[in-house]
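Peer 1: Handing you a structure now.
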Amino acid sequence: MIEFYAYRFQNRDTEQACFLFSKRLFQQLLVDVHSIVESTRLYYYRTHQKEVRADMYKEIEEAVLRGDTNPAPVGKHIVLPSSFTGGARYMFQNYQDDMAICR
C-alpha cells in the first residue's frame, strides 16, 4: 500500500500530477493516506498475532493461575512489534538507544 502512494506522489517530468500543486488539499490527502497506511498496518498486526507471539504474554497466564473464570476483565491484547512507529515498544527502544548515547 505504501509503495503505491510513494509511486503516485513522485514528481515526474512526463506527466502532470495536479494534486502536488493543490496546497491544502494535498496536505489533507497526505494526512488521509497516512491514516490509511497506519490503519492497514494495525489491521495486519491484529490479524497476525501468532507471528508476533502474542500468546506469550503474562496477563492471560496470570488470570488462569488465579483461577479467574470470567475472561472479560482480561480482554484481548494486541501486541505491536517494536518496528511499529509510535507504539510503546518503539518509544521504549528509542529511549534506551538515546540513553546509551548519553552514557
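Labels used: A, B, ... for chains in the order of the C-alpha cells, numbers from 1 for residues in each chain, and numbers from 1 for ligands as shown.
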Go through chain A and collect every residue that DSSP, computed from the backbone, puts in alpha helix (DSSP H); the answer should be as number ranges by chain.

Peer 2: A: 2-8, 24-47, 49-52, 58-66, 88-102

Peer 1: I'd like the contact shell of A:Glu3 - 12 Å cut-off, only C-alpha atoms, skipping same-chain residues fewer than 5 positions apart - returned as a list in words.

Peer 2: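 Near neighbours after the sequence-gap exclusion: Arg8, Phe9, Gln10, Val33 and Val37 of chain A.
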